[in-house]
>>> print(open('protein.cif').read())   # mmCIF, C-alpha atoms
data_start
#
loop_
_atom_site.label_atom_id
_atom_site.label_comp_id
_atom_site.auth_asym_id
_atom_site.auth_seq_id
_atom_site.Cartn_x
_atom_site.Cartn_y
_atom_site.Cartn_z
CA MET A 1 9.81 -34.57 28.42
CA THR A 2 9.04 -32.26 25.53
CA SER A 3 11.35 -29.37 24.80
CA ARG A 4 9.98 -25.87 24.60
CA LEU A 5 9.67 -24.29 21.18
CA THR A 6 12.14 -21.59 20.28
CA ARG A 7 10.98 -18.07 19.46
CA ARG A 8 11.46 -18.69 15.74
CA GLN A 9 9.49 -21.93 15.89
CA ARG A 10 6.65 -20.24 17.77
CA ARG A 11 6.56 -17.52 15.14
CA ARG A 12 6.38 -20.08 12.34
CA VAL A 13 3.60 -21.98 14.12
CA TRP A 14 1.63 -18.75 14.58
CA GLU A 15 2.13 -17.82 10.93
CA GLY A 16 0.84 -21.27 9.93
CA VAL A 17 -2.24 -20.81 12.12
CA GLN A 18 -2.94 -17.45 10.47
CA TYR A 19 -2.70 -19.00 7.00
CA VAL A 20 -5.15 -21.72 8.04
CA ILE A 21 -7.58 -19.15 9.47
CA PHE A 22 -7.34 -17.04 6.31
CA LEU A 23 -7.92 -19.97 3.97
CA GLY A 24 -10.78 -21.18 6.14
CA ALA A 25 -12.45 -17.75 5.97
CA VAL A 26 -12.06 -17.65 2.17
CA VAL A 27 -13.55 -21.13 1.77
CA LEU A 28 -16.43 -20.28 4.12
CA ILE A 29 -17.28 -17.06 2.28
CA ALA A 30 -17.06 -18.82 -1.09
CA ALA A 31 -19.36 -21.59 0.15
CA LEU A 32 -21.99 -19.24 1.61
CA ALA A 33 -22.12 -16.74 -1.26
CA ASP A 34 -24.90 -17.02 -3.83
CA TRP A 35 -22.76 -16.85 -6.97
CA ASP A 36 -25.69 -17.14 -9.37
CA ARG A 37 -27.38 -14.03 -7.98
CA LEU A 38 -24.08 -12.16 -7.95
CA GLN A 39 -23.46 -13.06 -11.57
CA ASN A 40 -26.95 -12.02 -12.61
CA GLN A 41 -26.64 -8.67 -10.83
CA PHE A 42 -23.01 -7.73 -11.46
CA ALA A 43 -21.63 -9.78 -14.34
CA GLN A 44 -23.97 -9.57 -17.33
CA THR A 45 -21.53 -9.84 -20.23
CA ASP A 46 -23.91 -8.55 -22.88
CA LEU A 47 -24.70 -5.48 -20.78
CA ALA A 48 -21.02 -4.84 -20.08
CA VAL A 49 -20.27 -4.91 -23.82
CA ARG A 50 -22.98 -2.31 -24.44
CA LEU A 51 -21.13 0.17 -22.22
CA PHE A 52 -18.29 0.43 -24.70
CA PRO A 53 -16.94 2.64 -26.16
CA ASN A 54 -18.84 5.39 -24.28
CA ILE A 55 -17.53 4.38 -20.87
CA ILE A 56 -14.02 5.01 -22.23
CA THR A 57 -14.53 7.88 -24.65
CA ILE A 58 -16.88 9.84 -22.37
CA ALA A 59 -16.77 8.66 -18.74
CA LEU A 60 -13.11 7.70 -18.35
CA ARG A 61 -11.96 10.62 -20.49
CA ASN A 62 -13.93 13.11 -18.38
CA THR A 63 -12.65 11.52 -15.17
CA VAL A 64 -9.05 11.92 -16.33
CA VAL A 65 -9.66 15.51 -17.46
CA TYR A 66 -11.35 16.42 -14.17
CA THR A 67 -8.52 14.84 -12.19
CA LEU A 68 -5.70 16.50 -14.11
CA SER A 69 -7.33 19.92 -14.07
CA GLY A 70 -7.91 19.69 -10.32
CA PHE A 71 -4.37 18.45 -9.76
CA VAL A 72 -2.77 21.28 -11.75
CA PHE A 73 -4.89 23.93 -10.04
CA GLY A 74 -4.22 22.38 -6.63
CA LEU A 75 -0.49 22.13 -7.30
CA VAL A 76 -0.18 25.80 -8.26
CA LEU A 77 -2.34 26.98 -5.36
CA GLY A 78 -0.61 24.56 -2.98
CA LEU A 79 2.80 25.98 -3.92
CA VAL A 80 1.55 29.50 -3.22
CA ILE A 81 0.07 28.44 0.13
CA ALA A 82 3.28 26.62 1.04
CA MET A 83 5.37 29.73 0.33
CA MET A 84 2.96 31.82 2.41
CA ARG A 85 3.25 29.25 5.21
CA LEU A 86 7.04 29.70 5.20
CA SER A 87 6.92 33.48 4.80
CA SER A 88 8.43 35.79 7.39
CA VAL A 89 5.31 37.98 7.06
CA ALA A 90 2.97 36.95 9.86
CA PRO A 91 -0.38 37.70 8.07
CA TYR A 92 0.68 35.43 5.19
CA ARG A 93 1.39 32.61 7.63
CA TRP A 94 -1.95 33.15 9.36
CA VAL A 95 -3.92 33.07 6.11
CA ALA A 96 -2.07 29.94 4.93
CA SER A 97 -2.60 28.16 8.26
CA VAL A 98 -6.33 28.96 8.31
CA TYR A 99 -6.71 27.80 4.71
CA ILE A 100 -4.92 24.51 5.35
CA GLU A 101 -6.85 23.71 8.51
CA LEU A 102 -10.17 24.71 6.94
CA PHE A 103 -9.93 22.76 3.72
CA ARG A 104 -8.30 19.72 5.29
CA GLY A 105 -11.02 19.61 7.93
CA LEU A 106 -14.05 19.92 5.65
CA PRO A 107 -15.35 16.96 3.62
CA ALA A 108 -14.72 17.29 -0.10
CA LEU A 109 -18.47 16.93 -0.70
CA LEU A 110 -19.16 20.18 1.18
CA ILE A 111 -16.52 21.94 -0.92
CA PHE A 112 -18.27 20.82 -4.11
CA ILE A 113 -21.62 22.00 -2.78
CA PHE A 114 -20.02 25.33 -1.89
CA VAL A 115 -18.57 25.68 -5.39
CA GLY A 116 -21.81 24.67 -7.13
CA VAL A 117 -24.28 26.55 -4.93
CA ALA A 118 -22.68 29.15 -2.68
CA VAL A 119 -20.42 30.81 -5.25
CA PRO A 120 -23.27 31.60 -7.73
CA LEU A 121 -25.38 32.91 -4.83
CA ALA A 122 -22.56 35.06 -3.47
CA PHE A 123 -21.67 36.51 -6.87
CA PRO A 124 -24.88 36.78 -8.96
CA GLY A 125 -24.31 36.78 -12.69
CA THR A 126 -20.76 35.49 -12.32
CA GLU A 127 -19.89 32.16 -13.87
CA ILE A 128 -16.81 30.09 -13.21
CA PRO A 129 -14.78 29.87 -16.45
CA GLY A 130 -14.94 26.49 -18.14
CA GLY A 131 -18.43 25.57 -16.96
CA THR A 132 -18.55 22.19 -15.25
CA TYR A 133 -14.88 21.55 -15.97
CA GLY A 134 -13.96 24.82 -14.29
CA LYS A 135 -16.13 24.03 -11.25
CA VAL A 136 -14.56 20.60 -10.90
CA ALA A 137 -11.04 22.00 -11.22
CA LEU A 138 -11.88 24.56 -8.54
CA GLY A 139 -13.54 22.06 -6.20
CA LEU A 140 -10.85 19.40 -6.48
CA GLY A 141 -8.07 21.97 -6.51
CA LEU A 142 -9.22 23.71 -3.33
CA VAL A 143 -9.19 20.42 -1.45
CA ALA A 144 -5.95 19.15 -2.96
CA ALA A 145 -4.11 22.43 -2.41
CA ALA A 146 -4.46 22.15 1.36
CA TYR A 147 -2.72 18.77 1.38
CA MET A 148 -0.21 19.64 -1.31
CA ALA A 149 0.78 22.83 0.52
CA GLU A 150 1.88 20.86 3.58
CA THR A 151 3.64 18.29 1.40
CA ILE A 152 5.52 20.97 -0.53
CA ARG A 153 6.38 22.84 2.66
CA ALA A 154 7.87 19.67 4.13
CA GLY A 155 9.83 19.13 0.93
CA ILE A 156 11.25 22.66 1.00
CA GLN A 157 12.25 22.29 4.63
CA ALA A 158 13.91 18.95 3.81
CA VAL A 159 16.34 20.64 1.43
CA PRO A 160 19.61 21.26 3.33
CA LYS A 161 19.93 24.87 4.49
CA GLY A 162 23.40 24.95 3.01
CA GLN A 163 21.82 25.05 -0.44
CA MET A 164 20.25 28.43 0.26
CA GLU A 165 23.39 29.74 1.95
CA ALA A 166 25.53 28.67 -1.01
CA ALA A 167 23.14 30.33 -3.46
CA ARG A 168 23.11 33.59 -1.50
CA SER A 169 26.91 33.58 -1.31
CA LEU A 170 26.98 33.39 -5.11
CA GLY A 171 24.86 36.54 -5.33
CA PHE A 172 21.44 34.95 -5.84
CA SER A 173 18.48 36.80 -4.38
CA HIS A 174 16.26 34.85 -1.99
CA THR A 175 13.49 34.60 -4.60
CA ARG A 176 15.82 33.47 -7.37
CA ALA A 177 17.43 30.88 -5.09
CA MET A 178 14.03 29.50 -4.13
CA VAL A 179 12.81 29.29 -7.73
CA THR A 180 15.95 27.88 -9.35
CA ILE A 181 17.52 25.80 -6.57
CA ILE A 182 15.33 25.05 -3.54
CA ILE A 183 11.92 24.39 -5.10
CA PRO A 184 13.21 22.02 -7.85
CA GLN A 185 14.99 19.94 -5.21
CA ALA A 186 11.90 19.99 -3.00
CA PHE A 187 9.73 18.70 -5.83
CA ARG A 188 12.07 15.78 -6.41
CA ILE A 189 11.60 14.89 -2.76
CA VAL A 190 7.80 15.15 -2.75
CA ILE A 191 7.03 13.45 -6.08
CA PRO A 192 5.84 10.19 -4.39
CA PRO A 193 3.28 11.86 -2.06
CA LEU A 194 2.13 14.15 -4.87
CA THR A 195 1.56 11.12 -7.08
CA ASN A 196 -0.42 9.55 -4.27
CA GLU A 197 -2.51 12.73 -4.10
CA LEU A 198 -3.22 12.30 -7.81
CA VAL A 199 -4.65 8.84 -7.07
CA LEU A 200 -6.89 10.29 -4.35
CA LEU A 201 -8.10 13.05 -6.67
CA PHE A 202 -8.93 10.50 -9.34
CA LYS A 203 -11.33 8.83 -6.90
CA ASP A 204 -12.66 12.12 -5.51
CA SER A 205 -13.68 13.13 -9.04
CA SER A 206 -16.77 10.97 -8.46
CA LEU A 207 -18.19 13.92 -6.47
CA VAL A 208 -18.78 15.71 -9.77
CA LEU A 209 -22.28 14.20 -9.86
CA PHE A 210 -23.34 16.69 -7.13
CA LEU A 211 -22.70 19.58 -9.52
CA GLY A 212 -25.33 18.41 -11.98
CA VAL A 213 -23.62 17.35 -15.21
CA THR A 214 -24.91 16.72 -18.73
CA LEU A 215 -24.70 13.36 -20.47
CA GLU A 216 -21.48 14.37 -22.19
CA GLU A 217 -19.93 15.59 -18.93
CA ARG A 218 -20.52 12.44 -16.87
CA GLU A 219 -17.56 10.78 -15.15
CA LEU A 220 -17.26 7.08 -14.33
CA THR A 221 -19.40 6.96 -11.19
CA LYS A 222 -22.23 9.03 -12.64
CA PHE A 223 -22.07 7.05 -15.89
CA GLY A 224 -22.24 3.73 -14.04
CA ARG A 225 -25.09 4.84 -11.77
CA ASP A 226 -27.18 6.16 -14.65
CA LEU A 227 -26.81 2.95 -16.67
CA ALA A 228 -27.46 0.83 -13.59
CA SER A 229 -30.72 2.70 -13.00
CA GLU A 230 -31.78 2.34 -16.64
CA THR A 231 -31.07 -1.38 -16.80
CA ALA A 232 -31.98 -2.29 -13.18
CA ASN A 233 -28.63 -4.10 -13.02
CA SER A 234 -25.36 -3.31 -11.24
CA THR A 235 -23.03 -4.49 -14.02
CA PRO A 236 -22.33 -0.90 -15.17
CA ILE A 237 -21.17 -0.01 -11.65
CA LEU A 238 -18.79 -2.98 -11.62
CA VAL A 239 -17.37 -2.03 -15.01
CA ALA A 240 -16.94 1.58 -13.85
CA GLY A 241 -15.06 0.28 -10.81
CA LEU A 242 -12.76 -1.74 -13.05
CA CYS A 243 -12.06 1.40 -15.08
CA TYR A 244 -11.01 3.16 -11.88
CA LEU A 245 -8.63 0.30 -11.11
CA LEU A 246 -7.28 0.52 -14.65
CA VAL A 247 -5.80 3.90 -13.69
CA THR A 248 -5.30 3.74 -9.91
CA VAL A 249 -3.43 0.41 -9.79
CA PRO A 250 -0.64 1.48 -12.21
CA LEU A 251 -0.38 4.83 -10.40
CA SER A 252 -0.10 3.05 -7.05
CA ILE A 253 2.71 0.88 -8.47
CA VAL A 254 4.47 4.03 -9.65
CA VAL A 255 4.13 5.54 -6.17
CA ARG A 256 5.67 2.48 -4.52
CA ARG A 257 8.58 2.46 -6.95
CA LEU A 258 9.22 6.15 -6.46
CA GLU A 259 9.15 5.69 -2.68
CA ALA A 260 11.56 2.75 -2.94
CA ARG A 261 13.90 4.80 -5.13
CA ALA A 262 13.74 7.70 -2.66
CA ASP A 263 14.57 5.33 0.21
CA LYS A 264 17.60 4.02 -1.68
CA ALA A 265 18.76 7.55 -2.41
CA THR A 266 18.71 8.39 1.30
#
>>> encode(input="protein.cif", output="C-alpha cells")
Amino acid sequence: MTSRLTRRQRRRVWEGVQYVIFLGAVVLIAALADWDRLQNQFAQTDLAVRLFPNIITIALRNTVVYTLSGFVFGLVLGLVIAMMRLSSVAPYRWVASVYIELFRGLPALLIFIFVGVAVPLAFPGTEIPGGTYGKVALGLGLVAAAYMAETIRAGIQAVPKGQMEAARSLGFSHTRAMVTIIIPQAFRIVIPPLTNELVLLFKDSSLVLFLGVTLEERELTKFGRDLASETANSTPILVAGLCYLLVTVPLSIVVRRLEARADKAT
C-alpha cells in the first residue's frame, strides 16, 4: 500500500513538472525556429557596425535628452497638481482631479498628436519654445505629470501628520513646513515609483516620430526604422532595442534596490 504524498512533496513534484514543461517548450521553439532566416534578417554584423557611432551620438543621446526633459517637466507639473489635489480650495481639487483622470485615460500617442497638431492650430503663429525638444518635453511631461501627481500625493499623505503638527508648533507656516519638511520626506518615499516612471518615459520617447523630426533629432526607434527601411533589413531595429535595454535594465535594477531598501526601512 503506497503512502500518500505530503503537501511539501506534492509541491516539489509540481515544481518539477513545471520545469520539464518549460524546458520542453524552449527545446520545441528552438527546434522549429528558422535560425538562418532570423540571422539574415536581424543579425547582420557588418550592418550593425555601420550604425555606430551615430546610433549612440545621435539616437541614444536624443532619447536620453527627450526623456530627461519630459521627466523634469512632468515632475514639476506633477508636484503642482499634487498640491492642488490636496488643497482645501475646492476648485483647485476639481481641476487637479479632471487633469489626472484626463491624461491618465488618454493614450500618450493622442497627447503627442495634440501637441504637434492641435496646439499650432489653436494658437496660430505661436511656437513651443525649444522646437522639437520643447514639444517632446511638453508631450511626455503632460502624460507623466498625471501619474507623478498621484504618486507624490500618496507620498505626502504617507508622511506622519505629527511632522506637520510639530513644524507648526515651532512657528513654521503651512507653506514653509510643506516645502522644508513634508515634501522632502515625501520624495524620499516615492523615489522608487518615480524612477520606474523614468523607465516608462524612456520607452514612450519613441512616440517622437509622430511629431516629424529631422535626421539630427531622431531617437532610437525612428533611427532604427529609417535604417531598416533603407537597408531592407531589421538589424537596425534589433540594435536600437539593445540600446533601450542598455538604459532600462540598469534603471530597473536601481528601482528594485530602492524598493528593497524602502521595505527594510519600514
>>> resolve_selection(input="protein.cif", expression="the PyMOL selection byres ((chain A and resi 41) around 10)", output="list in words")
Trp35, Asp36, Arg37, Leu38, Gln39, Asn40, Phe42, Ala43, Gln44, Ala228, Ala232, Asn233, Ser234, Thr235, Pro236 and Leu238 of chain A
>>> closest_atom_pairs(input="protein.cif", of="region 29-62 of chain A", to="region 206-218 of chain A", cutoff="7 Å", atoms="only C-alpha atoms", output="JSON lines")
{"residue": "A:Ile58", "atom": "CA", "partner": "A:Glu216", "partner_atom": "CA", "distance": 6.5}
{"residue": "A:Ala59", "atom": "CA", "partner": "A:Arg218", "partner_atom": "CA", "distance": 5.6}
{"residue": "A:Asn62", "atom": "CA", "partner": "A:Glu217", "partner_atom": "CA", "distance": 6.5}
>>> closest_residue(input="protein.cif", among="A:Met84, A:Ala144, A:Ala154, A:Leu75", to="Leu106 (chain A)", atoms="all atoms listed in the file")
A:Ala144
>>> residues_around(input="protein.cif", residues="region 245-248 of chain A", least_positions_apart="2", cutoff="10 Å", atoms="all atoms listed in the file", output="ChimeraX atom specification")
/A:60,64,196,198-200,202-203,239-243,250-254
>>> write_last_selection(input="protein.cif", atoms="C-alpha atoms", output="mmCIF file, keeping the file's coordinate frame")
data_model
loop_
_atom_site.group_PDB
_atom_site.id
_atom_site.type_symbol
_atom_site.label_atom_id
_atom_site.label_comp_id
_atom_site.auth_asym_id
_atom_site.auth_seq_id
_atom_site.Cartn_x
_atom_site.Cartn_y
_atom_site.Cartn_z
ATOM 1 C CA LEU A 60 -13.110 7.700 -18.350
ATOM 2 C CA VAL A 64 -9.050 11.920 -16.330
ATOM 3 C CA ASN A 196 -0.420 9.550 -4.270
ATOM 4 C CA LEU A 198 -3.220 12.300 -7.810
ATOM 5 C CA VAL A 199 -4.650 8.840 -7.070
ATOM 6 C CA LEU A 200 -6.890 10.290 -4.350
ATOM 7 C CA PHE A 202 -8.930 10.500 -9.340
ATOM 8 C CA LYS A 203 -11.330 8.830 -6.900
ATOM 9 C CA VAL A 239 -17.370 -2.030 -15.010
ATOM 10 C CA ALA A 240 -16.940 1.580 -13.850
ATOM 11 C CA GLY A 241 -15.060 0.280 -10.810
ATOM 12 C CA LEU A 242 -12.760 -1.740 -13.050
ATOM 13 C CA CYS A 243 -12.060 1.400 -15.080
ATOM 14 C CA PRO A 250 -0.640 1.480 -12.210
ATOM 15 C CA LEU A 251 -0.380 4.830 -10.400
ATOM 16 C CA SER A 252 -0.100 3.050 -7.050
ATOM 17 C CA ILE A 253 2.710 0.880 -8.470
ATOM 18 C CA VAL A 254 4.470 4.030 -9.650
#
>>> atom_distance(input="protein.cif", atom1="CA of Arg104 (chain A)", atom2="CA of Tyr147 (chain A)")
6.9 Å
>>> atom_distance(input="protein.cif", atom1="CA of Thr151 (chain A)", atom2="CA of Pro193 (chain A)")
7.3 Å
>>> resolve_selection(input="protein.cif", expression="the PyMOL selection byres ((chain A and resi 262) around 12)", output="ChimeraX atom specification")
/A:188-193,255-261,263-266
